[in-house]
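Text of coords.txt, listed as compact mmCIF, C-alpha atoms:
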# COMPACT_ATOMS: atom_id res chain seq x y z
CA MET A 10 90.03 63.36 105.83
CA ALA A 11 91.33 66.94 106.00
CA MET A 12 94.65 68.08 107.36
CA GLY A 13 94.59 71.37 109.22
CA SER A 14 91.62 73.53 110.15
CA GLY A 15 89.88 76.61 108.89
CA ASP A 16 90.36 78.05 105.40
CA GLY A 17 93.83 76.47 105.09
CA ALA A 18 92.59 72.85 105.32
CA VAL A 19 93.86 70.42 102.68
CA ASP A 20 91.83 67.38 101.64
CA THR A 21 94.09 64.33 101.93
CA THR A 22 91.51 61.65 101.11
CA HIS A 23 93.37 60.43 98.00
CA THR A 24 96.89 60.56 99.39
CA GLY A 25 97.31 56.83 98.88
CA ARG A 26 96.49 57.00 95.17
CA SER A 27 99.47 56.31 92.88
CA MET A 28 99.82 58.53 89.84
CA TRP A 29 102.13 59.06 86.86
CA LEU A 30 103.83 62.28 85.89
CA VAL A 31 103.94 62.16 82.08
CA LYS A 32 105.77 64.58 79.78
CA VAL A 33 104.29 64.70 76.28
CA PRO A 34 105.32 66.55 73.09
CA LYS A 35 103.53 69.79 72.26
CA TYR A 36 101.78 68.41 69.18
CA LEU A 37 100.32 65.63 71.32
CA SER A 38 99.00 68.00 73.99
CA ASP A 39 97.50 70.18 71.24
CA ALA A 40 95.70 67.14 69.84
CA TRP A 41 94.29 66.32 73.29
CA ASN A 42 93.14 69.90 73.82
CA THR A 43 91.39 69.81 70.44
CA ALA A 44 89.48 66.72 71.52
CA ASN A 45 88.41 68.41 74.78
CA GLU A 46 87.18 71.62 73.13
CA GLY A 47 83.83 70.04 72.32
CA GLY A 48 83.29 69.07 75.96
CA SER A 49 82.84 65.39 75.09
CA SER A 50 84.70 62.45 76.62
CA ALA A 51 86.13 61.19 73.33
CA THR A 52 88.88 58.59 73.32
CA VAL A 53 92.22 60.27 72.65
CA GLY A 54 94.26 57.08 72.49
CA LYS A 55 95.10 53.75 74.09
CA LEU A 56 97.88 52.59 76.40
CA ARG A 57 99.44 49.21 75.76
CA PHE A 58 101.41 47.18 78.31
CA SER A 59 103.62 44.33 77.10
CA ARG A 60 105.71 42.02 79.24
CA PRO A 61 108.77 40.14 77.97
CA GLU A 62 108.31 36.48 77.17
CA PRO A 63 109.46 33.91 79.76
CA GLY A 64 113.13 33.10 79.35
CA SER A 65 113.85 36.34 77.51
CA LYS A 66 116.97 38.28 78.41
CA GLN A 67 115.06 41.58 78.30
CA PRO A 68 114.40 43.33 81.61
CA LYS A 69 111.22 42.29 83.38
CA VAL A 70 109.93 45.87 83.44
CA PRO A 71 106.78 46.04 81.28
CA GLN A 72 107.04 48.03 78.07
CA VAL A 73 104.43 50.78 77.76
CA SER A 74 103.34 52.35 74.46
CA PHE A 75 100.67 54.86 73.53
CA HIS A 76 98.61 54.79 70.33
CA LEU A 77 96.97 58.12 69.43
CA SER A 78 93.45 58.03 68.06
CA SER A 79 93.49 58.10 64.27
CA GLU A 80 90.84 60.86 64.27
CA LEU A 81 93.20 63.22 66.10
CA GLY A 82 96.11 62.32 63.84
CA HIS A 83 94.48 63.60 60.65
CA ASP A 84 94.69 67.14 59.35
CA PRO A 85 91.18 68.71 59.46
CA ASN A 86 91.87 70.54 56.18
CA SER A 87 92.87 67.37 54.34
CA ALA A 88 92.49 63.62 54.58
CA LYS A 89 96.20 63.07 55.18
CA GLN A 90 97.60 61.79 58.45
CA THR A 91 99.97 64.46 59.76
CA THR A 92 100.60 63.48 63.40
CA PRO A 93 102.52 60.36 64.54
CA LEU A 94 100.21 57.78 66.08
CA ASP A 95 102.56 55.33 67.82
CA HIS A 96 104.63 56.43 70.80
CA LYS A 97 106.74 54.77 73.44
CA LEU A 98 106.91 55.70 77.11
CA GLN A 99 110.25 55.83 78.85
CA MET A 100 109.45 54.99 82.47
CA THR A 101 111.51 56.15 85.46
CA LYS A 102 110.87 55.33 89.08
CA ILE A 103 110.94 58.12 91.65
CA THR A 104 112.99 57.03 94.64
CA ASN A 105 114.63 60.12 96.13
CA GLN A 106 111.76 62.59 95.73
CA THR A 107 108.28 63.06 97.11
CA LEU A 108 105.94 64.50 94.49
CA ALA A 109 102.23 65.09 94.90
CA ILE A 110 99.44 66.21 92.58
CA ILE A 111 97.52 69.09 94.19
CA SER A 112 94.26 70.53 92.84
CA GLU A 113 92.60 73.83 93.66
CA THR A 114 88.88 74.32 92.94
CA GLN A 115 86.57 77.20 93.78
CA VAL A 116 83.81 76.56 96.29
CA ASP A 117 80.55 78.12 95.06
CA ASN A 118 78.13 76.98 97.79
CA VAL A 119 79.83 78.95 100.57
CA GLU A 120 78.52 82.46 101.23
CA VAL A 121 81.15 85.18 101.67
CA ASP A 122 80.90 88.88 102.41
CA GLU A 123 80.92 91.34 99.54
CA GLY A 124 84.44 92.23 98.47
CA GLU A 125 86.04 89.12 99.98
CA PRO A 126 87.56 86.49 97.66
CA ARG A 127 85.71 83.21 97.28
CA ARG A 128 87.07 80.25 99.17
CA LYS A 129 88.95 77.54 97.34
CA ARG A 130 89.17 73.85 98.04
CA VAL A 131 92.71 72.44 98.05
CA ALA A 132 93.11 68.67 97.76
CA ILE A 133 95.89 66.15 97.20
CA GLU A 134 94.82 64.02 94.24
CA GLY A 135 97.59 61.46 94.62
CA MET A 136 101.30 60.79 94.95
CA VAL A 137 103.61 60.50 91.94
CA LYS A 138 105.20 57.06 91.81
CA GLN A 139 106.32 56.93 88.15
CA ARG A 140 107.71 59.52 85.77
CA ALA A 141 107.31 58.92 82.04
CA THR A 142 108.40 60.65 78.85
CA VAL A 143 106.40 60.10 75.67
CA ASN A 144 108.56 59.85 72.53
CA PRO A 145 107.33 59.06 69.02
CA PHE A 146 108.79 56.26 66.96
CA GLY A 147 111.03 57.40 64.10
CA SER A 148 108.32 57.09 61.43
CA GLY A 149 107.81 59.08 58.25
CA ASN A 150 104.97 61.07 59.81
CA TYR A 151 107.26 62.24 62.60
CA LEU A 152 109.94 63.35 60.15
CA GLN A 153 107.35 65.26 58.11
CA LEU A 154 106.05 66.88 61.30
CA LYS A 155 109.53 68.10 62.26
CA CYS A 156 110.06 69.46 58.73
CA ARG A 157 106.83 71.47 58.98
CA GLN A 158 107.82 72.81 62.39
CA VAL A 159 111.20 73.95 61.07
CA GLU A 160 109.57 75.61 58.06
CA GLU A 161 107.07 77.45 60.28
CA ALA A 162 109.87 78.59 62.62
CA VAL A 163 111.95 80.17 59.82
CA ARG A 164 108.96 81.60 57.96
CA PRO A 165 108.87 85.42 58.34
CA ASN A 166 105.82 86.95 59.95
CA ARG A 167 105.52 89.53 57.17
CA THR A 168 106.10 89.02 53.49
CA ALA A 169 106.12 91.35 50.49
CA ILE A 170 103.55 90.72 47.77
CA MET A 171 102.98 92.29 44.37
CA LEU A 172 99.67 94.08 43.88
CA ASP A 173 97.87 93.99 40.55
CA ARG A 174 96.21 97.37 41.20
CA ALA A 175 96.83 100.44 43.31
CA VAL A 176 95.32 100.66 46.78
CA THR A 177 93.17 103.79 46.88
CA ASN A 178 92.22 103.85 50.56
CA ALA A 179 95.77 103.66 51.96
CA TYR A 180 98.39 106.30 52.68
CA LYS A 181 100.22 107.61 49.65
CA PRO A 182 103.59 109.41 49.78
CA ARG A 183 103.54 113.18 49.33
CA SER A 184 106.23 115.57 48.30
CA ASP A 185 105.19 118.03 50.99
CA HIS A 186 102.68 118.15 53.85
CA ALA A 187 100.20 120.84 54.85
CA GLU A 188 102.12 121.71 58.02
CA SER A 189 105.36 122.20 56.09
CA ILE A 190 103.62 124.32 53.45
CA GLN A 191 102.09 126.56 56.14
CA PHE A 192 105.44 126.91 57.93
CA ASN A 193 107.32 127.82 54.76
CA LYS A 194 104.61 130.33 53.83
CA HIS A 195 104.82 132.02 57.23
CA LYS A 196 108.62 132.06 57.04
CA LYS A 197 108.53 133.63 53.60
CA GLU A 198 106.05 136.32 54.65
CA ALA A 199 108.08 137.18 57.77
CA GLY A 200 111.22 137.53 55.70
CA LYS A 201 114.76 137.44 57.00
CA ARG A 202 115.17 138.99 60.43
CA THR A 203 117.24 142.16 60.39
CA ARG A 204 119.32 143.41 63.28
CA ASP A 205 118.18 146.67 64.82
CA GLU A 206 120.51 149.07 66.56
CA PRO A 207 121.58 147.87 70.04
CA GLU A 208 120.02 150.93 71.71
CA VAL A 209 116.66 150.22 70.03
CA VAL A 210 116.76 146.62 71.20
CA LYS A 211 117.69 147.67 74.74
CA GLU A 212 114.73 150.07 74.88
CA ALA A 213 112.44 147.23 73.86
CA LEU A 214 113.97 144.97 76.49
CA PHE A 215 113.64 147.61 79.24
CA ALA A 216 109.99 148.08 78.31
CA ALA A 217 109.42 144.34 78.53
CA PHE A 218 111.14 144.01 81.93
CA GLU A 219 108.95 146.81 83.31
CA LYS A 220 105.97 144.46 82.90
CA HIS A 221 107.59 141.24 84.16
CA GLN A 222 110.74 140.54 86.12
CA TYR A 223 111.66 137.23 84.42
CA TYR A 224 111.59 136.15 80.75
CA ASN A 225 112.85 133.21 78.78
CA ILE A 226 114.75 133.73 75.56
CA ARG A 227 111.88 132.67 73.32
CA ASP A 228 109.50 135.25 74.72
CA LEU A 229 112.10 138.01 74.38
CA GLN A 230 112.84 136.94 70.82
CA LYS A 231 109.15 137.23 69.95
CA LEU A 232 108.86 140.66 71.60
CA THR A 233 111.92 142.15 69.93
CA GLY A 234 111.91 140.27 66.62
CA GLN A 235 115.69 139.91 66.71
CA PRO A 236 117.85 136.87 65.95
CA VAL A 237 118.53 134.75 69.04
CA ILE A 238 122.33 134.99 68.86
CA TYR A 239 122.26 138.80 68.47
CA LEU A 240 119.68 139.08 71.27
CA LYS A 241 121.86 137.10 73.69
CA GLU A 242 124.82 139.38 73.02
CA ILE A 243 122.75 142.40 74.09
CA LEU A 244 121.22 140.60 77.07
CA LEU A 245 124.64 139.77 78.48
CA SER A 246 125.31 143.49 78.89
CA ILE A 247 122.11 144.38 80.75
CA ALA A 248 120.67 141.14 82.17
CA MET A 249 121.60 137.99 84.08
CA TYR A 250 120.83 134.36 83.21
CA ASN A 251 119.52 132.29 86.14
CA THR A 252 120.85 128.74 86.41
CA LYS A 253 119.14 127.79 89.69
CA THR A 254 115.56 127.28 90.73
CA PRO A 255 112.97 128.72 91.12
CA HIS A 256 113.67 130.82 87.99
CA LYS A 257 116.00 128.48 86.17
CA ASN A 258 116.71 129.27 82.49
CA MET A 259 115.13 132.73 82.85
CA TRP A 260 116.59 136.21 82.26
CA GLU A 261 116.32 139.22 84.57
CA LEU A 262 117.85 142.68 84.62
CA LYS A 263 121.11 143.34 86.43
CA PRO A 264 120.76 145.19 89.76
CA GLU A 265 122.08 148.46 88.34
CA TYR A 266 119.28 148.54 85.72
CA ARG A 267 116.40 147.69 88.05
CA HIS A 268 113.98 150.27 89.35
CA TYR A 269 112.94 147.87 92.16
CA LYS A 270 114.78 146.24 95.01
Output the structure of this file as structure tokens.
Amino acid sequence: MAMGSGDGAVDTTHTGRSMWLVKVPKYLSDAWNTANEGGSSATVGKLRFSRPEPGSKQPKVPQVSFHLSSELGHDPNSAKQTTPLDHKLQMTKITNQTLAIISETQVDNVEVDEGEPRRKRVAIEGMVKQRATVNPFGSGNYLQLKCRQVEEAVRPNRTAIMLDRAVTNAYKPRSDHAESIQFNKHKKEAGKRTRDEPEVVKEALFAAFEKHQYYNIRDLQKLTGQPVIYLKEILLSIAMYNTKTPHKNMWELKPEYRHYK
């Protein structure tokens, strides 16, 4: 039976099926995933139901326990058992909630146009009637497991080790790099910048502004070869500094020194 019509239909055939919602520890889910990696239907464990004896003062609710398969409880690198095998299930009835298990599978036998997403089948697999939490018994294996988890959590991702020989294919520290050597060589060849007479600098600036109307300070410093601070002092007497777009951070001659309008 399907509820709704079209692509949004939901299969409600198994609505009457009762299911459990079980919360398991991470190490237990990892063990189950390891068993499913091979694609085989191997037994991962057994559930045990025990009822109290007649006349007992214990509640009549059946006690449920889970026994993990011994094959999944062993460390593959050693023959030691590293995972707790015996667990107890703490059952809780769901009375004030309505929970359902919904599955979504892709339908491959339906033709769709190119570029459209494939249709998916949505079905209700059952209704949750019991909620359970799986807890291990306080055994020695469980205590050892928690100790290993704590050790792995505090273990640093990177550790320092001592090498018995030098690594020849790795980066070695240098006192100076090629770029720094080239820069220092160029600086030494250029020598210390000397200040020319203000009139000589102004003539060079006027010649530059005859070619272009706007310059930044770096270009003018390269053209004149003068220190930046000294060059700005001369520019303030003959040029203006633009602080607004479209020629922001550029210099241009004052109106009284222009030969254009």
Could you give me, as an mmCIF file with C-alpha atoms, in the frame of the given file, the residues that sit within 10 Å of (114.6, 139.6, 70.5) in the file's coordinates, counting all atoms listed in the file?
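The resulting out.cif:
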data_model
loop_
_atom_site.group_PDB
_atom_site.id
_atom_site.type_symbol
_atom_site.label_atom_id
_atom_site.label_comp_id
_atom_site.auth_asym_id
_atom_site.auth_seq_id
_atom_site.Cartn_x
_atom_site.Cartn_y
_atom_site.Cartn_z
ATOM 1 C CA ARG A 204 119.320 143.410 63.280
ATOM 2 C CA ASP A 205 118.180 146.670 64.820
ATOM 3 C CA VAL A 210 116.760 146.620 71.200
ATOM 4 C CA LYS A 211 117.690 147.670 74.740
ATOM 5 C CA ALA A 213 112.440 147.230 73.860
ATOM 6 C CA LEU A 214 113.970 144.970 76.490
ATOM 7 C CA ILE A 226 114.750 133.730 75.560
ATOM 8 C CA ARG A 227 111.880 132.670 73.320
ATOM 9 C CA ASP A 228 109.500 135.250 74.720
ATOM 10 C CA LEU A 229 112.100 138.010 74.380
ATOM 11 C CA GLN A 230 112.840 136.940 70.820
ATOM 12 C CA LYS A 231 109.150 137.230 69.950
ATOM 13 C CA LEU A 232 108.860 140.660 71.600
ATOM 14 C CA THR A 233 111.920 142.150 69.930
ATOM 15 C CA GLY A 234 111.910 140.270 66.620
ATOM 16 C CA GLN A 235 115.690 139.910 66.710
ATOM 17 C CA PRO A 236 117.850 136.870 65.950
ATOM 18 C CA VAL A 237 118.530 134.750 69.040
ATOM 19 C CA ILE A 238 122.330 134.990 68.860
ATOM 20 C CA TYR A 239 122.260 138.800 68.470
ATOM 21 C CA LEU A 240 119.680 139.080 71.270
ATOM 22 C CA LYS A 241 121.860 137.100 73.690
ATOM 23 C CA ILE A 243 122.750 142.400 74.090
ATOM 24 C CA LEU A 244 121.220 140.600 77.070
#
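Atom pair CA of Met136 in chain A / CA of Gly25 in chain A: separated by 6.9 Å.
Interatomic distance, CA of Arg140 in chain A against CA of His96 in chain A: 15.6 Å.
With all atoms listed in the file as the atoms that count, the residue of A:Lys55, A:Lys32, A:Arg267, A:Lys257 with the shortest distance to Met100 in chain A is A:Lys32.
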Got a sec: who's within 12 Å of Asp95 in chain A, counting all atoms listed in the file, leaving out chain neighbours fewer than 2 positions off, as a ChimeraX atom specification?
/A:37,54-57,73-79,82,92-93,97-98,143-151
Atoms kept (C-alpha atoms) for selection, written as a PDB file, keeping the file's coordinate frame:
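So out28.pdb came out as:
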ATOM      1  CA  LEU A  37     100.320  65.630  71.320  1.00  0.00           C
ATOM      2  CA  GLY A  54      94.260  57.080  72.490  1.00  0.00           C
ATOM      3  CA  LYS A  55      95.100  53.750  74.090  1.00  0.00           C
ATOM      4  CA  LEU A  56      97.880  52.590  76.400  1.00  0.00           C
ATOM      5  CA  ARG A  57      99.440  49.210  75.760  1.00  0.00           C
ATOM      6  CA  VAL A  73     104.430  50.780  77.760  1.00  0.00           C
ATOM      7  CA  SER A  74     103.340  52.350  74.460  1.00  0.00           C
ATOM      8  CA  PHE A  75     100.670  54.860  73.530  1.00  0.00           C
ATOM      9  CA  HIS A  76      98.610  54.790  70.330  1.00  0.00           C
ATOM     10  CA  LEU A  77      96.970  58.120  69.430  1.00  0.00           C
ATOM     11  CA  SER A  78      93.450  58.030  68.060  1.00  0.00           C
ATOM     12  CA  SER A  79      93.490  58.100  64.270  1.00  0.00           C
ATOM     13  CA  GLY A  82      96.110  62.320  63.840  1.00  0.00           C
ATOM     14  CA  THR A  92     100.600  63.480  63.400  1.00  0.00           C
ATOM     15  CA  PRO A  93     102.520  60.360  64.540  1.00  0.00           C
ATOM     16  CA  LYS A  97     106.740  54.770  73.440  1.00  0.00           C
ATOM     17  CA  LEU A  98     106.910  55.700  77.110  1.00  0.00           C
ATOM     18  CA  VAL A 143     106.400  60.100  75.670  1.00  0.00           C
ATOM     19  CA  ASN A 144     108.560  59.850  72.530  1.00  0.00           C
ATOM     20  CA  PRO A 145     107.330  59.060  69.020  1.00  0.00           C
ATOM     21  CA  PHE A 146     108.790  56.260  66.960  1.00  0.00           C
ATOM     22  CA  GLY A 147     111.030  57.400  64.100  1.00  0.00           C
ATOM     23  CA  SER A 148     108.320  57.090  61.430  1.00  0.00           C
ATOM     24  CA  GLY A 149     107.810  59.080  58.250  1.00  0.00           C
ATOM     25  CA  ASN A 150     104.970  61.070  59.810  1.00  0.00           C
ATOM     26  CA  TYR A 151     107.260  62.240  62.600  1.00  0.00           C
TER      27      TYR A 151
END
Using all atoms listed in the file, find the one residue out of A:Asn251, A:Asn225, A:Ser27, A:Thr203 that sits nearest to Thr107 in chain A.
A:Ser27
Centre and edge lengths of an axis-aligned box around all listed atoms of range 200-218 of chain A, with 6 Å added on each side, are to be given in Å to one decimal, as JSON.
{"center_x": 115.5, "center_y": 144.2, "center_z": 68.8, "size_x": 24.2, "size_y": 25.5, "size_z": 38.2}
Quick one: pull the distance between CA of Arg167 in chain A and CA of Tyr180 in chain A, Å, one decimal.
18.8 Å
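Nearest to Met28 in chain A of all the residues A:Lys102, A:His186, A:Lys220, A:Lys196 is A:Lys102, based on all atoms listed in the file.
Residues in contact with Gly135 in chain A at up to 10 Å, not including ones fewer than 3 positions away on its chain and judged by all atoms listed in the file, are A:Thr21, A:Thr22, A:His23, A:Thr24, A:Gly25, A:Arg26, A:Ser27, A:Met28, A:Trp29, A:Leu108, A:Ala109, A:Ile110, A:Ile111, A:Ser112, A:Ala132, A:Lys138.
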Every residue with an atom at most 8 Å from (101.4, 70.8, 65.2) (file coordinates; all atoms listed in the file) is what I'm after, so could you write them as a PDB file with C-alpha atoms, keeping the file's coordinate frame?
ATOM      1  CA  LYS A  35     103.530  69.790  72.260  1.00  0.00           C
ATOM      2  CA  TYR A  36     101.780  68.410  69.180  1.00  0.00           C
ATOM      3  CA  ASP A  39      97.500  70.180  71.240  1.00  0.00           C
ATOM      4  CA  THR A  92     100.600  63.480  63.400  1.00  0.00           C
ATOM      5  CA  LEU A 154     106.050  66.880  61.300  1.00  0.00           C
ATOM      6  CA  GLN A 158     107.820  72.810  62.390  1.00  0.00           C
TER       7      GLN A 158
END
Taking all atoms listed in the file into account, name the residue in A:Met259, A:Ile190, A:Met249, A:Ala141 that is nearest to Tyr223 in chain A.
A:Met259
From A:Thr142, A:Pro34, A:Lys155, A:Glu242, residue lying nearest Pro207 in chain A [all atoms listed in the file]:
A:Glu242
Missing atoms in range 22-34 of chain A: fill them in up to N, CA, C and O atoms and send the result as a compact mmCIF listing (two decimals), in the frame of the given file.
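Printed below is rebuild.txt as written:
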# COMPACT_ATOMS: atom_id res chain seq x y z
N THR A 22 92.23 62.92 101.25
CA THR A 22 91.51 61.65 101.11
C THR A 22 92.23 60.71 100.15
O THR A 22 92.32 59.50 100.38
N HIS A 23 92.76 61.25 99.04
CA HIS A 23 93.37 60.43 98.00
C HIS A 23 94.90 60.42 98.07
O HIS A 23 95.57 60.28 97.06
N THR A 24 95.44 60.57 99.26
CA THR A 24 96.89 60.56 99.39
C THR A 24 97.50 59.23 98.99
O THR A 24 98.61 59.17 98.44
N GLY A 25 96.79 58.15 99.21
CA GLY A 25 97.31 56.83 98.88
C GLY A 25 97.19 56.45 97.42
O GLY A 25 97.61 55.35 97.03
N ARG A 26 96.64 57.31 96.60
CA ARG A 26 96.49 57.00 95.17
C ARG A 26 97.82 57.21 94.45
O ARG A 26 98.46 58.24 94.58
N SER A 27 98.23 56.22 93.66
CA SER A 27 99.47 56.31 92.88
C SER A 27 99.18 56.92 91.52
O SER A 27 98.22 56.53 90.84
N MET A 28 100.03 57.84 91.10
CA MET A 28 99.82 58.53 89.84
C MET A 28 101.13 58.60 89.05
O MET A 28 102.22 58.40 89.60
N TRP A 29 100.99 58.88 87.74
CA TRP A 29 102.13 59.06 86.86
C TRP A 29 102.27 60.53 86.50
O TRP A 29 101.28 61.24 86.29
N LEU A 30 103.51 60.95 86.40
CA LEU A 30 103.83 62.28 85.89
C LEU A 30 104.40 62.10 84.49
O LEU A 30 105.53 61.62 84.33
N VAL A 31 103.61 62.47 83.47
CA VAL A 31 103.94 62.16 82.08
C VAL A 31 104.26 63.45 81.33
O VAL A 31 103.50 64.42 81.40
N LYS A 32 105.37 63.46 80.64
CA LYS A 32 105.77 64.58 79.78
C LYS A 32 105.50 64.20 78.34
O LYS A 32 106.00 63.18 77.85
N VAL A 33 104.70 65.02 77.65
CA VAL A 33 104.29 64.70 76.28
C VAL A 33 104.75 65.80 75.34
O VAL A 33 104.94 66.95 75.76
N PRO A 34 104.96 65.50 74.06
CA PRO A 34 105.32 66.55 73.09
C PRO A 34 104.18 67.55 72.91
O PRO A 34 103.02 67.26 73.22
